[in-house]
Amino acid sequence: MVNICVSDYFYSFSFIICYFSTSVYTDVPRPRGVSLAKASLYSPTKDFTCFDGTGTIPFNYINDDYCDCFDGSDEPGTSACLNGVFYCTNAGHRAQNIPSSRVNDGLCDCCDGTDEYASGASCPNICDELGQEARAEAQRKAELYKAGSQLRQELIEKGNKKRNEMAEQLSQLEKDKAEAEKIRSEKESLKDELEKKENEALQVYRDAEERERLKKAEEENEANKKEAEETFAKFDSNNNGQLSINEIVTRVVFDKDRNGEVSEEEAKEFIGERESIDLENFVSETWPLLKPLLMMEQGLFQTSSQTSDTEQTDTEAEEDDKEAIGENEDVDQEEEHLEEELPHDDVESIDTEPKQQYDDETQKLVDEATEARRQHTNAERTVREIESNIRNIKENLEKDYGPQQEFATLDGQCFEYEDKEYVYKHCLFQKVTQKSKNGGSEIGLGTWGEWAGGENPYEIMKYTNGVTCWNGPSRSTSVYVQCGLENKILSVTEPFRCEYKIEFITPAACDDSQPSNDSFHDEL
Amino acid sequence: MKAFVFLLVVIVISNCLAVDRNNFKTCEQSGFCKRLRNLTPNKHFHILNVDSLKVEGNVATAEVSSVNPEGDTKTLQHLYVFKLSALLDGTFRVELDEESPIYPRYRTQLALVAEPKADELKLIENKDNHVILQNSQGHKVTITADPLKIEFLDKAGNVAVILNEKSLLQVEPLKKKDVKVDGDENAVAVEEPEGTWGENFKSHHDSKPRGNEAVSLDVAFPDADHVYGIPEHTDKFNLRTTTSSDPYRLYNLDVFEFELDSTMALYGSIPVMYAHGPDRTVGVFWHNSAETWIDVENHSDGTVVSSLVNLVTGSSKPKRVDARFMSESGIVDVFVLMGDKPGDAFRQYTTLTGVAPLPPKFSLAYHQCRWNYVDEEDIRTLDENFDQYDIPVDVYWLDIEYTDRKKYFTWDLEKFRHPAEMVANLTAKSRKLVVIIDPHIKREAGYFLHEDATDNGYYVKNKDGNDYEGWCWPGSSSYLDFFNPAVSKYYADRYLFENFPGTSKDVHIWNDMNEPSVFNGPEVTMPKDCQHYKPPQDGLEGISAYWEHRHVHNEYGLWYIRATQDGLLARTDGRYRPFVLTRSTFAGTQRYAAVWTGDNMAEWGYLAVSVPMCLSLSVAGVSFCGSDVGGFFKYPEAELMTRWYQAGAYQAFFRAHSHIETKRREPWLYDAQTMGLIREAIRRRYALLDFWYTLFYEHTLDGMPVMRPLFQHFPQEKETYTIDNQYLLGDKLLVRPVVEQGVTSVQVYLPGRESGTIWYDVDSYQAIPANGFFTQNVNMAKIPVYQRGGTIVPRKERVRRASPLMAEDPYTLIVALDSQNTAQGSLYIDDGETYEYKQNKYIYAKVSYESSSLTYKIVNDQASYPTRSWVERVVIAGIKTAPKSAKMVQGDKQTALQMTLHKGNDVLVIRKPAASMGQSWQINFVY
């Protein structure tokens, strides 16, 4: 072992700089802080040229604790250059490059202690110890991966099986779909055909119905006219065949604004600018306006303006309340009635028409058409169901379940984790949620997005678009997936606001073909 | 840290961040401000009774009476005692109190570092209603008796400061609520102006048990171009005319999302004002801790009527600035600082209120804070990341969330299970921790502090004499009454290691919310009729037995941080220097704590205003000032963040901080280039750390600000009077941070054209002769900093993880030559953390260069410090003729040195002189 040290020249506070030392493990002498690979660049027999070529200096300027090269290459073993690098061999453990600023700063950075040779700090060589620990850790990890990879193998098989099943299911469904579509179009033709016949048969009945309807309308019209004439006669107090304003204002029914008296203005609303009105005009103009008021007076119905009018005086409101009670009951009944009808409405709308008695032949045609419609509807439903299944399976097949489908069987499986305040739930490939232990609703921390690891994308599952934070972004979660012998959440944290981090272990991540830990290479 | 956020939910729904002005009073809404501002002098003035004048020692006293001039005969209204004291170092003090007030009026207690030292005061003349007095320096004081006017003359005999020229002097006499008996023998209150015995603001009522007791004084500064000071505001460094707006307000308030360019009150109040012009610099220190409003009228300002008249009449503008101080209570107590150079006036102020003690060195390095680093794991990861990205940092900070539900002096033991271990892990790397401790105390049964305070009556009382309850971070809270010595002692003891487990000498303290902030109080603070401790005294009872919060408000935070400092000193038996950060400030704050500018915003305007805000604080004694790097509210994009780090690296207190609701922004969370620029900015700080440390040491000697306005060293140069986007560090570096978005160049003013000053760009050593403004190109890496020719700046180029690790590292001396080829500098070295420097364990050396030699001379032979540091490099910029050889001489050793001359920029580099900094040395040059 050779040590070349120069005692610093002149001064009383002399510090010692050892710019050459030899490694115990090698015969190649090299300046302090230089790796074996770079040793040949430092030749004691000639001047040194900075790596960047910017300068050439005498060899004894190497490691003399003064920075001569811009790139720091002249001071590999001191802290003189801000951008320099110190190499520690760390025999027995991993070699390391540390920034020059950590040389002789009093803190032990290299496990072999070589970075603190003049600071007075005591840095024993602990590389063997650390190396052993690291190797033991690597061993432990390797064993974990070994055990885990068997489980993973099972997951792969199951995953592939599941996937194959899904693929098979899919092709079966595609076939089923074709079949179902065929049936649907058959049923459609049949339905069309039978409906045509049904229509023809029913036309007779419809014509009859139309005649009946017209007749009824005529009768109603007559009755109405009669009522108008009777009313006119009743209002025409002096029986002069003219209904005058004076006569109108005595009739409470004209009190449209319900202020207790009939003003001339109100009267004119019914008879226009005339002084009086004759029967003919009364029937055509006044009666349509008056009829609703009369009906209202008789309590037959409520006008829309009344129901929405909330600014009535107290007494009126009371009266209205009384009225409203009965009427509301009517409305309720109507609604109930509607509800009962709804199911029929759904598919077979024709059924909602009033039941009518047909002759046997027609009835048969109607029944046949009804049956055809039912079958067609069923056929359509089948097609929709198959299509929906196809979509689901395709969606799943498109999901990335890992390079070997090892995550496939975990889809939809949920794992919980509790901390002081919350219960977190991670449903793989679905969503992450958080629920307060003090109650309150579940908060979405993200739905499945994508794999988002770096070199190995399958190290991080990213869930995005969760519930939006107050005054901030929408919540998201990164699930860090590591090898473990069971599926389990190890921790949940929120390192960034509204960005959650879950540590999750699963055998699915125990891929021992991946270089899982740093390789050890001792420079020996 | 943060302000008043519980109402945030309501306020910020619009997502538009801005101060809610409605929470804070205008002058019109502040009873006394409205009253005094409307005072017309011709109805009321004062006369000094010259016959009563007595001069004893350095003090002249006389009787003064207020006069009502209405009618033919002047009627004397009220009697006062006038007192003028001559103090050492060109300072006078004027006091006016009632001759026999019905209760004692409050005299601010803690602002002065000690009883000011007396100068001599000679009575020169007392005749014809004129009195002339003179101090030992030759400053004269002329008192005109009727109406009272006091003029202070500089040594040349020119009037420099005038008090009460406008007869706005006012000391409202204390009164008792008058009661008369009416015809039915019932007592009825005498009609008095509304607000005399009670005022309302929003939903708050102030009971004003003593009625009106305001004081006011007008001050004129003849020949002054501008006035400065009276922090804390977000305005320009040179103060504006306020005649058409609200006056500047001094009332310590937690202003949520404070606005820029405003005269509104903020967290701090330091009532010292300086007036500067080519002839002289003077100052006044308004010694009053009550709510204060200050009107400014600058006669050369275009908005002032008289100057408009001058413009019309064509007469030359009479340069002059008028100011008027109005305070809600207390007495008139004003110090007049005669200057006459800017530095003189700044020093005179610190002579009165004290200098900042030498800070522990780490506190000048970089601090990393956030509301909040959530747990031990978070701190560990943070620490690992700083090392991984090789960014230097000395201190991590924990905001309020580290506590057990906001109970100070406790830890949230779920998140911080092993605080002592966490701290030990940091200190093993020479890093520190700062934790927050606020003055509000959670009212929770079982909380020892609350129970002790309740049992012992340690809380501030409400107007009815019961413990005052307000709302703050913990919810319902009460506030310790630090005016009671027993409370301060009790509180200081909470910092003892045994009382605050998990702390060590390397855990320091951040005192926030000490205005005090009370979320549900009037103007987010304590009601003015709350009651504070007053030392018991015979005959004082009822109203006389306590001080109202009104009297002491601006001083509250000062008492608080004093207790903290006492506690931190006591925990190491006075061995280690504590570091305390405060938000609230008052005159004297510098003796106890560093200051940051509060809850700013990640916007360019807030970056820009950090410079004038810290300049104002610096000249008001508080050199240890900085702003939250990056901005507290909102998120700074890469460019703003980079520029803020670059600016922060050249401000005394250098800490990044952010609001809990904002995105994280540690340097490595930005793109690699931005991270690199931020790292470079922080490294620049570390390289200059010994320069900063030396400046702070020198501040303890001479009271000079560390961060200085340009006019301090170029007082004749008018352009400098209004430049507040650049500043000087000591008299050596000029800093012009880039505070504008997207610029590729900035205008930099280099002063000293007349004197032939040369400035050197610190990046290139390129010499730039002073010639006013010039255009500096800036890329994202550029921080425009210039070293003045004639100075020497010490640097440490080996930037390490944390500053203590650099203690023994070698120095590079940057010698920037002036036109005479000379330069001077200094260097201070000690252990960085103890008080042993007071036992002569330090090195203070002067470094000087002339053509023949560079000398490093230790100033005090008695002092020494066993440093292993040495000089590794000397860079001489601006050298025209290179020496042929150089020889190092230290003790009896001589060594020839190698040198390299860089022709392009006239820089000579001396390679490795390798002399120890522990002893004097000299390098001799041969040409």
# chains A, B, ... in the order shown; residues from 1 in each chain; ligands from 1
>>> interface_residues(of="chain A", to="chain B", cutoff="12 Å", atoms="only C-alpha atoms", output="PyMOL selection string")
chain A and resi 8-15+61+64-68+78-84+98-109+118-121+419-421+469-473+493-499
>>> select_by_dssp(residues="range 3-173 of chain B", states="strand (DSSP E or B)", output="ChimeraX atom specification")
/B:45-56,59-68,75-87,91-98,118,121-127,130-135,140-144,149-153,159-163,170-171
>>> residues_around(residues="Glu232 in chain B", least_positions_apart="2", cutoff="6 Å", atoms="only C-alpha atoms", output="list in words")
Leu266, Gly268 and Ser269 of chain B
>>> write_last_selection(atoms="C-alpha atoms", output="PDB file, in the first residue's frame")
ATOM      1  CA  LEU B 266     -50.831  45.731   7.871  1.00  0.00           C
ATOM      2  CA  GLY B 268     -46.672  45.815  11.636  1.00  0.00           C
ATOM      3  CA  SER B 269     -46.307  49.389  12.849  1.00  0.00           C
TER       4      SER B 269
END
>>> residues_around(residues="range 167-180 of chain A", least_positions_apart="6", cutoff="10 Å", atoms="only C-alpha atoms", output="ChimeraX atom specification")
/A:161,186,379-387,389-394,397
>>> write_last_selection(atoms="C-alpha atoms", output="CSV table (one decimal), in the first residue's frame")
chain,number,residue,atom,x,y,z
A,161,LYS,CA,-58.2,-18.5,-18.6
A,186,GLU,CA,-88.2,-12.4,-39.0
A,379,ALA,CA,-86.5,-10.4,-30.0
A,380,GLU,CA,-85.3,-6.7,-29.9
A,381,ARG,CA,-84.6,-6.9,-26.2
A,382,THR,CA,-82.5,-10.0,-26.7
A,383,VAL,CA,-80.4,-8.3,-29.3
A,384,ARG,CA,-79.9,-5.3,-27.0
A,385,GLU,CA,-78.9,-7.6,-24.2
A,386,ILE,CA,-76.4,-9.4,-26.3
A,387,GLU,CA,-74.9,-6.2,-27.6
A,389,ASN,CA,-72.7,-8.0,-23.0
A,390,ILE,CA,-70.5,-7.7,-26.0
A,391,ARG,CA,-69.6,-4.2,-25.1
A,392,ASN,CA,-68.8,-5.1,-21.5
A,393,ILE,CA,-66.6,-8.0,-22.5
A,394,LYS,CA,-64.8,-5.9,-25.2
A,397,LEU,CA,-60.7,-7.3,-23.0
>>> residues_around(residues="range 190-203 of chain A", least_positions_apart="4", cutoff="8 Å", atoms="only C-alpha atoms", output="ChimeraX atom specification")
/A:186,207,362,365-366,368-369,372-373,376
>>> atom_distance(atom1="CA of Ser627 in chain B", atom2="CA of Ser610 in chain B")
6.0 Å
>>> residues_around(residues="Ser476 in chain A", least_positions_apart="5", cutoff="9 Å", atoms="only C-alpha atoms", output="PyMOL selection string")
chain A and resi 432+444-447+462-467+498-501
>>> residues_around(residues="Glu247 in chain A", least_positions_apart="5", cutoff="9 Å", atoms="only C-alpha atoms", output="PDB file with N, CA and C atoms, in the first residue's frame")
ATOM      1  N   PHE A 235    -130.852  35.844 -17.510  1.00  0.00           N
ATOM      2  CA  PHE A 235    -130.197  37.128 -17.243  1.00  0.00           C
ATOM      3  C   PHE A 235    -131.021  38.304 -17.788  1.00  0.00           C
ATOM      4  N   ASP A 236    -131.731  38.053 -18.862  1.00  0.00           N
ATOM      5  CA  ASP A 236    -132.487  39.132 -19.515  1.00  0.00           C
ATOM      6  C   ASP A 236    -133.721  39.432 -18.665  1.00  0.00           C
ATOM      7  N   SER A 237    -133.471  40.176 -17.603  1.00  0.00           N
ATOM      8  CA  SER A 237    -134.523  40.381 -16.602  1.00  0.00           C
ATOM      9  C   SER A 237    -135.784  40.991 -17.205  1.00  0.00           C
ATOM     10  N   ASN A 238    -135.598  41.944 -18.126  1.00  0.00           N
ATOM     11  CA  ASN A 238    -136.767  42.611 -18.681  1.00  0.00           C
ATOM     12  C   ASN A 238    -137.304  41.923 -19.924  1.00  0.00           C
ATOM     13  N   SER A 276    -125.574  46.658 -25.164  1.00  0.00           N
ATOM     14  CA  SER A 276    -126.272  45.428 -24.830  1.00  0.00           C
ATOM     15  C   SER A 276    -125.969  44.407 -25.907  1.00  0.00           C
TER      16      SER A 276
END
>>> closest_atom_pairs(of="range 624-654 of chain B", to="range 784-788 of chain B", cutoff="12 Å", atoms="only C-alpha atoms", output="Markdown table")
| residue | atom | partner | partner_atom | distance |
| --- | --- | --- | --- | --- |
| B:Arg643 | CA | B:Pro784 | CA | 11.2 |
| B:Gln646 | CA | B:Pro784 | CA | 9.6 |
| B:Ala647 | CA | B:Pro784 | CA | 9.7 |
| B:Ala649 | CA | B:Val785 | CA | 11.3 |
| B:Tyr650 | CA | B:Val785 | CA | 9.1 |
